[in-house]
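Report on one structure; see the data block that follows.
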Amino acid sequence: MFSGLFEAGARFTWKDGDRVRELTLAAGRRHGKRLLLSFEGIEDPETARGLTGGVLCVPRERLPRPPDFYWTHELKDWRCEDPAGGTLGIVRLLEETPAGPQLTLETPGGKEALVPFVRPMVVEIDRDAKRIVLDLPEGLLDL
């Protein structure tokens with residue numbers, strides 16, 4: 001799943017509160033269920049301890065993205081239409097809920113509507129046009 005992500009020379013950002021440090025991977029290998037990583041300039045245990053408690057960040061464009069995967073922020077302000085091309089609203093939020101992913105739409109009348117972001121309700125997603133076609137049950141937007 002992470003093939004190529006942890007190869008020598010890969011760049012990462014380490015963050016801990018306001019502290020930020022750019023890191024370059026010197027080497028990486030699996031060790032059981034963990035990854036052992038070494039970074040350029042981190043040559044001894046004392047220096048490595050200075051990274052304890054931080055978060056290692058991977059640039060989003062390097063993360064593997066399965067088909068039909070969308071970042072939560074990516075869909076903000078996308079247009080939603082019914083299968084006939086009628087306007088349903090604008091995406092204001094995509095969030096993961098215990099029941100599954102959910103869109104918050106702002107309808108043309110300014111009302112907020114909650115729509116499950118699941119097939120078969122989601123008929124089509126056009127990333128280039130920033131458009132989502134939804135086939136919603138009658139009355140869902142009126143709740």
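To be explicit about the labels: the chains of the structure tokens are called A, B, and onward in the order shown, and within each one the residues are counted from 1, while ligands get numbers from 1 in the order they are shown.
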
- Please identify all polymer residues within 9 Å of segment 38-40 of chain A, counting only C-alpha atoms, omitting same-chain residues fewer than 5 positions from it, and present them as a ChimeraX atom specification. /A:8-9,23-28,48

For C-alpha atoms, I'd like the residues from the last selection saved as a PDB file, in the first residue's frame.
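The resulting result07.pdb:
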ATOM      1  CA  ALA A   8      15.518   6.989   0.326  1.00  0.00           C
ATOM      2  CA  GLY A   9      15.410  10.644  -0.661  1.00  0.00           C
ATOM      3  CA  LEU A  23      13.342  15.825   6.817  1.00  0.00           C
ATOM      4  CA  THR A  24      14.842  13.697   4.055  1.00  0.00           C
ATOM      5  CA  LEU A  25      14.613   9.938   4.383  1.00  0.00           C
ATOM      6  CA  ALA A  26      18.019   8.239   4.395  1.00  0.00           C
ATOM      7  CA  ALA A  27      16.658   4.674   4.675  1.00  0.00           C
ATOM      8  CA  GLY A  28      13.506   2.796   5.627  1.00  0.00           C
ATOM      9  CA  ALA A  48      16.261  11.289  17.309  1.00  0.00           C
TER      10      ALA A  48
END

- Do you know which residues are at most 12 Å from segment 139-141 of chain A counting only C-alpha atoms, after dropping those on the same chain fewer than 4 positions away, and could you put them as a VMD selection string? chain A and resid 82 87 to 89 103 to 116 121 134 to 135

- Task: Between A:Leu143, A:Leu136, A:Val58, A:Val91, single out the one closest to Ala10 of chain A, counting only C-alpha atoms.
- Result: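 Comparing A:Leu143, A:Leu136, A:Val58, A:Val91 against Ala10 of chain A, the winner is A:Val58.
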
- Distance of atom CA of Asp77 of chain A from atom CA of Ala129 of chain A, expressed in Å to one decimal place: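 Here the two named atoms are 11.5 Å from each other.
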
- Task: Extract, using only C-alpha atoms, all DNA, RNA and protein residues at most 8 Å from segment 11-20 of chain A, discarding same-chain residues fewer than 6 positions from it, and format them as a PyMOL selection string.
- Result: chain A and resi 51+53-59

Return as a PDB file with N, CA and C atoms, in the first residue's frame the full set of residues in chain A whose backbone-based DSSP assignment is strand (DSSP E).
ATOM      1  N   ARG A  11      10.908  13.213   0.898  1.00  0.00           N
ATOM      2  CA  ARG A  11      10.847  14.382   1.776  1.00  0.00           C
ATOM      3  C   ARG A  11       9.595  14.312   2.654  1.00  0.00           C
ATOM      4  N   PHE A  12       9.776  14.706   3.918  1.00  0.00           N
ATOM      5  CA  PHE A  12       8.691  14.733   4.886  1.00  0.00           C
ATOM      6  C   PHE A  12       8.791  16.027   5.687  1.00  0.00           C
ATOM      7  N   THR A  13       7.698  16.359   6.345  1.00  0.00           N
ATOM      8  CA  THR A  13       7.697  17.481   7.280  1.00  0.00           C
ATOM      9  C   THR A  13       7.332  16.924   8.643  1.00  0.00           C
ATOM     10  N   TRP A  14       8.141  17.245   9.645  1.00  0.00           N
ATOM     11  CA  TRP A  14       7.869  16.839  11.022  1.00  0.00           C
ATOM     12  C   TRP A  14       7.310  18.062  11.742  1.00  0.00           C
ATOM     13  N   LYS A  15       6.219  17.879  12.505  1.00  0.00           N
ATOM     14  CA  LYS A  15       5.590  18.986  13.235  1.00  0.00           C
ATOM     15  C   LYS A  15       5.310  18.576  14.674  1.00  0.00           C
ATOM     16  N   ASP A  16       5.534  19.521  15.558  1.00  0.00           N
ATOM     17  CA  ASP A  16       5.179  19.350  16.966  1.00  0.00           C
ATOM     18  C   ASP A  16       4.803  20.736  17.485  1.00  0.00           C
ATOM     19  N   ARG A  19       6.719  23.900  16.294  1.00  0.00           N
ATOM     20  CA  ARG A  19       8.016  23.464  15.754  1.00  0.00           C
ATOM     21  C   ARG A  19       7.797  22.671  14.468  1.00  0.00           C
ATOM     22  N   VAL A  20       8.563  23.030  13.443  1.00  0.00           N
ATOM     23  CA  VAL A  20       8.466  22.362  12.141  1.00  0.00           C
ATOM     24  C   VAL A  20       9.873  22.089  11.650  1.00  0.00           C
ATOM     25  N   ARG A  21      10.068  20.908  11.070  1.00  0.00           N
ATOM     26  CA  ARG A  21      11.384  20.553  10.545  1.00  0.00           C
ATOM     27  C   ARG A  21      11.207  19.735   9.273  1.00  0.00           C
ATOM     28  N   GLU A  22      11.920  20.109   8.233  1.00  0.00           N
ATOM     29  CA  GLU A  22      11.906  19.343   6.987  1.00  0.00           C
ATOM     30  C   GLU A  22      12.898  18.197   7.124  1.00  0.00           C
ATOM     31  N   LEU A  23      12.506  17.011   6.696  1.00  0.00           N
ATOM     32  CA  LEU A  23      13.342  15.825   6.817  1.00  0.00           C
ATOM     33  C   LEU A  23      13.449  15.110   5.475  1.00  0.00           C
ATOM     34  N   THR A  24      14.619  14.524   5.236  1.00  0.00           N
ATOM     35  CA  THR A  24      14.842  13.697   4.055  1.00  0.00           C
ATOM     36  C   THR A  24      15.157  12.290   4.525  1.00  0.00           C
ATOM     37  N   LEU A  25      14.429  11.325   3.979  1.00  0.00           N
ATOM     38  CA  LEU A  25      14.613   9.938   4.383  1.00  0.00           C
ATOM     39  C   LEU A  25      15.937   9.394   3.862  1.00  0.00           C
ATOM     40  N   ALA A  26      16.750   8.866   4.777  1.00  0.00           N
ATOM     41  CA  ALA A  26      18.019   8.239   4.395  1.00  0.00           C
ATOM     42  C   ALA A  26      17.781   6.760   4.078  1.00  0.00           C
ATOM     43  N   ALA A  27      16.951   6.097   4.886  1.00  0.00           N
ATOM     44  CA  ALA A  27      16.658   4.674   4.675  1.00  0.00           C
ATOM     45  C   ALA A  27      15.374   4.330   5.420  1.00  0.00           C
ATOM     46  N   GLY A  28      14.715   3.271   4.964  1.00  0.00           N
ATOM     47  CA  GLY A  28      13.506   2.796   5.627  1.00  0.00           C
ATOM     48  C   GLY A  28      13.320   1.318   5.365  1.00  0.00           C
ATOM     49  N   ARG A  29      12.802   0.623   6.372  1.00  0.00           N
ATOM     50  CA  ARG A  29      12.526  -0.805   6.195  1.00  0.00           C
ATOM     51  C   ARG A  29      11.450  -1.230   7.179  1.00  0.00           C
ATOM     52  N   ARG A  30      10.784  -2.315   6.843  1.00  0.00           N
ATOM     53  CA  ARG A  30       9.779  -2.878   7.742  1.00  0.00           C
ATOM     54  C   ARG A  30      10.460  -3.628   8.872  1.00  0.00           C
ATOM     55  N   HIS A  31       9.843  -3.570  10.037  1.00  0.00           N
ATOM     56  CA  HIS A  31      10.301  -4.324  11.199  1.00  0.00           C
ATOM     57  C   HIS A  31       9.032  -4.824  11.890  1.00  0.00           C
ATOM     58  N   ARG A  34       5.881  -2.505  12.038  1.00  0.00           N
ATOM     59  CA  ARG A  34       6.337  -1.118  12.094  1.00  0.00           C
ATOM     60  C   ARG A  34       7.291  -0.817  10.958  1.00  0.00           C
ATOM     61  N   LEU A  35       7.548   0.459  10.793  1.00  0.00           N
ATOM     62  CA  LEU A  35       8.566   0.920   9.860  1.00  0.00           C
ATOM     63  C   LEU A  35       9.709   1.516  10.667  1.00  0.00           C
ATOM     64  N   LEU A  36      10.921   1.172  10.309  1.00  0.00           N
ATOM     65  CA  LEU A  36      12.091   1.805  10.903  1.00  0.00           C
ATOM     66  C   LEU A  36      12.625   2.787   9.864  1.00  0.00           C
ATOM     67  N   LEU A  37      12.669   4.048  10.230  1.00  0.00           N
ATOM     68  CA  LEU A  37      13.093   5.097   9.316  1.00  0.00           C
ATOM     69  C   LEU A  37      14.302   5.818   9.887  1.00  0.00           C
ATOM     70  N   SER A  38      15.227   6.154   9.010  1.00  0.00           N
ATOM     71  CA  SER A  38      16.338   7.019   9.424  1.00  0.00           C
ATOM     72  C   SER A  38      16.368   8.203   8.473  1.00  0.00           C
ATOM     73  N   PHE A  39      16.689   9.360   9.042  1.00  0.00           N
ATOM     74  CA  PHE A  39      16.666  10.604   8.279  1.00  0.00           C
ATOM     75  C   PHE A  39      18.043  11.229   8.224  1.00  0.00           C
ATOM     76  N   VAL A  55       4.604  14.751  14.748  1.00  0.00           N
ATOM     77  CA  VAL A  55       3.842  14.083  13.697  1.00  0.00           C
ATOM     78  C   VAL A  55       4.650  14.161  12.406  1.00  0.00           C
ATOM     79  N   LEU A  56       4.806  13.028  11.746  1.00  0.00           N
ATOM     80  CA  LEU A  56       5.501  12.978  10.471  1.00  0.00           C
ATOM     81  C   LEU A  56       4.462  13.149   9.368  1.00  0.00           C
ATOM     82  N   CYS A  57       4.593  14.213   8.595  1.00  0.00           N
ATOM     83  CA  CYS A  57       3.601  14.543   7.571  1.00  0.00           C
ATOM     84  C   CYS A  57       4.118  14.189   6.183  1.00  0.00           C
ATOM     85  N   ARG A  79     -20.715  21.792  -7.122  1.00  0.00           N
ATOM     86  CA  ARG A  79     -22.121  21.883  -7.488  1.00  0.00           C
ATOM     87  C   ARG A  79     -22.748  20.483  -7.459  1.00  0.00           C
ATOM     88  N   CYS A  80     -23.948  20.393  -6.904  1.00  0.00           N
ATOM     89  CA  CYS A  80     -24.688  19.129  -6.898  1.00  0.00           C
ATOM     90  C   CYS A  80     -25.940  19.294  -7.757  1.00  0.00           C
ATOM     91  N   GLU A  81     -26.161  18.274  -8.599  1.00  0.00           N
ATOM     92  CA  GLU A  81     -27.302  18.299  -9.506  1.00  0.00           C
ATOM     93  C   GLU A  81     -28.057  16.982  -9.408  1.00  0.00           C
ATOM     94  N   THR A  87     -30.407  21.917 -10.323  1.00  0.00           N
ATOM     95  CA  THR A  87     -29.532  22.278  -9.205  1.00  0.00           C
ATOM     96  C   THR A  87     -30.124  21.822  -7.879  1.00  0.00           C
ATOM     97  N   LEU A  88     -29.307  21.074  -7.117  1.00  0.00           N
ATOM     98  CA  LEU A  88     -29.709  20.641  -5.775  1.00  0.00           C
ATOM     99  C   LEU A  88     -29.056  21.505  -4.700  1.00  0.00           C
ATOM    100  N   GLY A  89     -27.841  21.983  -4.972  1.00  0.00           N
ATOM    101  CA  GLY A  89     -27.145  22.802  -3.991  1.00  0.00           C
ATOM    102  C   GLY A  89     -25.649  22.789  -4.193  1.00  0.00           C
ATOM    103  N   ILE A  90     -24.961  23.364  -3.226  1.00  0.00           N
ATOM    104  CA  ILE A  90     -23.505  23.481  -3.219  1.00  0.00           C
ATOM    105  C   ILE A  90     -22.970  22.753  -1.987  1.00  0.00           C
ATOM    106  N   VAL A  91     -21.917  21.960  -2.172  1.00  0.00           N
ATOM    107  CA  VAL A  91     -21.316  21.242  -1.045  1.00  0.00           C
ATOM    108  C   VAL A  91     -20.630  22.251  -0.126  1.00  0.00           C
ATOM    109  N   ARG A  92     -20.979  22.196   1.119  1.00  0.00           N
ATOM    110  CA  ARG A  92     -20.314  23.032   2.133  1.00  0.00           C
ATOM    111  C   ARG A  92     -19.375  22.209   2.998  1.00  0.00           C
ATOM    112  N   LEU A  93     -19.644  20.879   3.088  1.00  0.00           N
ATOM    113  CA  LEU A  93     -18.840  20.040   3.968  1.00  0.00           C
ATOM    114  C   LEU A  93     -19.018  18.576   3.583  1.00  0.00           C
ATOM    115  N   LEU A  94     -17.945  17.826   3.660  1.00  0.00           N
ATOM    116  CA  LEU A  94     -17.997  16.373   3.593  1.00  0.00           C
ATOM    117  C   LEU A  94     -17.370  15.891   4.887  1.00  0.00           C
ATOM    118  N   GLU A  95     -18.107  15.102   5.641  1.00  0.00           N
ATOM    119  CA  GLU A  95     -17.563  14.605   6.903  1.00  0.00           C
ATOM    120  C   GLU A  95     -17.884  13.130   7.074  1.00  0.00           C
ATOM    121  N   GLU A  96     -17.035  12.463   7.830  1.00  0.00           N
ATOM    122  CA  GLU A  96     -17.230  11.058   8.159  1.00  0.00           C
ATOM    123  C   GLU A  96     -18.062  11.004   9.434  1.00  0.00           C
ATOM    124  N   THR A  97     -19.176  10.295   9.383  1.00  0.00           N
ATOM    125  CA  THR A  97     -20.036  10.154  10.554  1.00  0.00           C
ATOM    126  C   THR A  97     -20.117   8.666  10.898  1.00  0.00           C
ATOM    127  N   GLY A 100     -21.528   6.772   8.170  1.00  0.00           N
ATOM    128  CA  GLY A 100     -20.827   6.823   6.888  1.00  0.00           C
ATOM    129  C   GLY A 100     -20.612   8.261   6.447  1.00  0.00           C
ATOM    130  N   PRO A 101     -19.995   8.453   5.288  1.00  0.00           N
ATOM    131  CA  PRO A 101     -19.713   9.813   4.829  1.00  0.00           C
ATOM    132  C   PRO A 101     -21.004  10.571   4.514  1.00  0.00           C
ATOM    133  N   GLN A 102     -20.981  11.868   4.816  1.00  0.00           N
ATOM    134  CA  GLN A 102     -22.175  12.683   4.660  1.00  0.00           C
ATOM    135  C   GLN A 102     -21.814  14.042   4.087  1.00  0.00           C
ATOM    136  N   LEU A 103     -22.578  14.479   3.085  1.00  0.00           N
ATOM    137  CA  LEU A 103     -22.422  15.818   2.513  1.00  0.00           C
ATOM    138  C   LEU A 103     -23.359  16.777   3.223  1.00  0.00           C
ATOM    139  N   THR A 104     -22.880  17.979   3.468  1.00  0.00           N
ATOM    140  CA  THR A 104     -23.747  19.067   3.888  1.00  0.00           C
ATOM    141  C   THR A 104     -23.884  19.978   2.681  1.00  0.00           C
ATOM    142  N   LEU A 105     -25.112  20.126   2.196  1.00  0.00           N
ATOM    143  CA  LEU A 105     -25.382  20.968   1.036  1.00  0.00           C
ATOM    144  C   LEU A 105     -26.066  22.246   1.466  1.00  0.00           C
ATOM    145  N   GLU A 106     -25.769  23.312   0.747  1.00  0.00           N
ATOM    146  CA  GLU A 106     -26.555  24.534   0.863  1.00  0.00           C
ATOM    147  C   GLU A 106     -27.465  24.559  -0.354  1.00  0.00           C
ATOM    148  N   GLU A 112     -29.808  24.314   4.754  1.00  0.00           N
ATOM    149  CA  GLU A 112     -28.784  23.276   4.883  1.00  0.00           C
ATOM    150  C   GLU A 112     -29.456  21.915   4.817  1.00  0.00           C
ATOM    151  N   ALA A 113     -28.887  21.023   3.994  1.00  0.00           N
ATOM    152  CA  ALA A 113     -29.427  19.668   3.869  1.00  0.00           C
ATOM    153  C   ALA A 113     -28.295  18.666   4.038  1.00  0.00           C
ATOM    154  N   LEU A 114     -28.586  17.561   4.707  1.00  0.00           N
ATOM    155  CA  LEU A 114     -27.612  16.498   4.929  1.00  0.00           C
ATOM    156  C   LEU A 114     -27.925  15.341   3.989  1.00  0.00           C
ATOM    157  N   VAL A 115     -26.894  14.908   3.241  1.00  0.00           N
ATOM    158  CA  VAL A 115     -27.088  13.869   2.227  1.00  0.00           C
ATOM    159  C   VAL A 115     -26.026  12.796   2.402  1.00  0.00           C
ATOM    160  N   PRO A 116     -26.415  11.532   2.547  1.00  0.00           N
ATOM    161  CA  PRO A 116     -25.415  10.457   2.608  1.00  0.00           C
ATOM    162  C   PRO A 116     -24.582  10.443   1.317  1.00  0.00           C
ATOM    163  N   VAL A 122     -25.140   8.705  -4.917  1.00  0.00           N
ATOM    164  CA  VAL A 122     -24.127   9.396  -5.713  1.00  0.00           C
ATOM    165  C   VAL A 122     -24.027   8.662  -7.042  1.00  0.00           C
ATOM    166  N   VAL A 123     -24.529   9.297  -8.086  1.00  0.00           N
ATOM    167  CA  VAL A 123     -24.596   8.676  -9.412  1.00  0.00           C
ATOM    168  C   VAL A 123     -23.310   8.926 -10.197  1.00  0.00           C
ATOM    169  N   GLU A 124     -22.794  10.147 -10.098  1.00  0.00           N
ATOM    170  CA  GLU A 124     -21.620  10.522 -10.894  1.00  0.00           C
ATOM    171  C   GLU A 124     -20.853  11.616 -10.163  1.00  0.00           C
ATOM    172  N   ILE A 125     -19.532  11.553 -10.293  1.00  0.00           N
ATOM    173  CA  ILE A 125     -18.672  12.609  -9.754  1.00  0.00           C
ATOM    174  C   ILE A 125     -17.739  13.027 -10.879  1.00  0.00           C
ATOM    175  N   ASP A 126     -17.761  14.311 -11.191  1.00  0.00           N
ATOM    176  CA  ASP A 126     -16.916  14.857 -12.250  1.00  0.00           C
ATOM    177  C   ASP A 126     -15.919  15.809 -11.597  1.00  0.00           C
ATOM    178  N   ARG A 131     -18.461  18.744 -10.049  1.00  0.00           N
ATOM    179  CA  ARG A 131     -19.899  18.499 -10.084  1.00  0.00           C
ATOM    180  C   ARG A 131     -20.199  17.094  -9.585  1.00  0.00           C
ATOM    181  N   ILE A 132     -21.259  16.993  -8.780  1.00  0.00           N
ATOM    182  CA  ILE A 132     -21.716  15.704  -8.258  1.00  0.00           C
ATOM    183  C   ILE A 132     -23.175  15.532  -8.669  1.00  0.00           C
ATOM    184  N   VAL A 133     -23.485  14.402  -9.284  1.00  0.00           N
ATOM    185  CA  VAL A 133     -24.864  14.088  -9.646  1.00  0.00           C
ATOM    186  C   VAL A 133     -25.421  13.161  -8.563  1.00  0.00           C
ATOM    187  N   LEU A 134     -26.532  13.589  -7.973  1.00  0.00           N
ATOM    188  CA  LEU A 134     -27.165  12.842  -6.884  1.00  0.00           C
ATOM    189  C   LEU A 134     -28.572  12.414  -7.293  1.00  0.00           C
TER     190      LEU A 134
END

- Query: Looking only at the backbone, which of the residues in chain A does DSSP tag as helix (DSSP H, G or I), as a VMD selection string?
  - Reply: chain A and resid 45 to 49 60 to 62 140 to 142

Selection from above, N, CA and C atoms, as a PDB file, in the first residue's frame, can you write it?
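This went into result_4.pdb:
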ATOM      1  N   PRO A  45      20.966   8.777  18.855  1.00  0.00           N
ATOM      2  CA  PRO A  45      19.706   8.646  19.607  1.00  0.00           C
ATOM      3  C   PRO A  45      19.231   9.949  20.238  1.00  0.00           C
ATOM      4  N   GLU A  46      20.138  10.776  20.703  1.00  0.00           N
ATOM      5  CA  GLU A  46      19.753  12.037  21.349  1.00  0.00           C
ATOM      6  C   GLU A  46      19.036  12.961  20.359  1.00  0.00           C
ATOM      7  N   THR A  47      19.563  13.062  19.154  1.00  0.00           N
ATOM      8  CA  THR A  47      18.923  13.885  18.129  1.00  0.00           C
ATOM      9  C   THR A  47      17.576  13.288  17.736  1.00  0.00           C
ATOM     10  N   ALA A  48      17.516  11.962  17.649  1.00  0.00           N
ATOM     11  CA  ALA A  48      16.261  11.289  17.309  1.00  0.00           C
ATOM     12  C   ALA A  48      15.200  11.529  18.382  1.00  0.00           C
ATOM     13  N   ARG A  49      15.592  11.560  19.661  1.00  0.00           N
ATOM     14  CA  ARG A  49      14.646  11.822  20.752  1.00  0.00           C
ATOM     15  C   ARG A  49      14.004  13.189  20.607  1.00  0.00           C
ATOM     16  N   ARG A  60       0.443  15.450   0.514  1.00  0.00           N
ATOM     17  CA  ARG A  60      -0.787  14.824   0.037  1.00  0.00           C
ATOM     18  C   ARG A  60      -0.636  14.225  -1.354  1.00  0.00           C
ATOM     19  N   GLU A  61       0.086  14.907  -2.243  1.00  0.00           N
ATOM     20  CA  GLU A  61       0.213  14.412  -3.614  1.00  0.00           C
ATOM     21  C   GLU A  61       0.991  13.102  -3.701  1.00  0.00           C
ATOM     22  N   ARG A  62       1.718  12.738  -2.630  1.00  0.00           N
ATOM     23  CA  ARG A  62       2.462  11.477  -2.622  1.00  0.00           C
ATOM     24  C   ARG A  62       1.670  10.322  -2.029  1.00  0.00           C
ATOM     25  N   LEU A 140     -35.934  14.148   0.611  1.00  0.00           N
ATOM     26  CA  LEU A 140     -34.724  14.167   1.447  1.00  0.00           C
ATOM     27  C   LEU A 140     -34.241  15.587   1.715  1.00  0.00           C
ATOM     28  N   LEU A 141     -34.292  16.448   0.733  1.00  0.00           N
ATOM     29  CA  LEU A 141     -33.818  17.829   0.925  1.00  0.00           C
ATOM     30  C   LEU A 141     -34.782  18.665   1.750  1.00  0.00           C
ATOM     31  N   ASP A 142     -35.999  18.144   1.995  1.00  0.00           N
ATOM     32  CA  ASP A 142     -36.992  18.879   2.788  1.00  0.00           C
ATOM     33  C   ASP A 142     -36.903  18.588   4.276  1.00  0.00           C
TER      34      ASP A 142
END

- Pick from A:Gly4, A:Gly86, A:Val118, A:Pro137 nearest to Phe69 of chain A, counting only C-alpha atoms: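 Among A:Gly4, A:Gly86, A:Val118, A:Pro137, it is A:Val118 that comes nearest to Phe69 of chain A.
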
- Separation of atom CA of Thr72 of chain A from atom CA of Leu5 of chain A, in Å and rounded to one decimal: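 These two atoms are separated by 21.8 Å.
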
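Reported to one decimal place, the separation of atom CA of Leu75 of chain A from atom CA of Phe117 of chain A is 11.2 Å.
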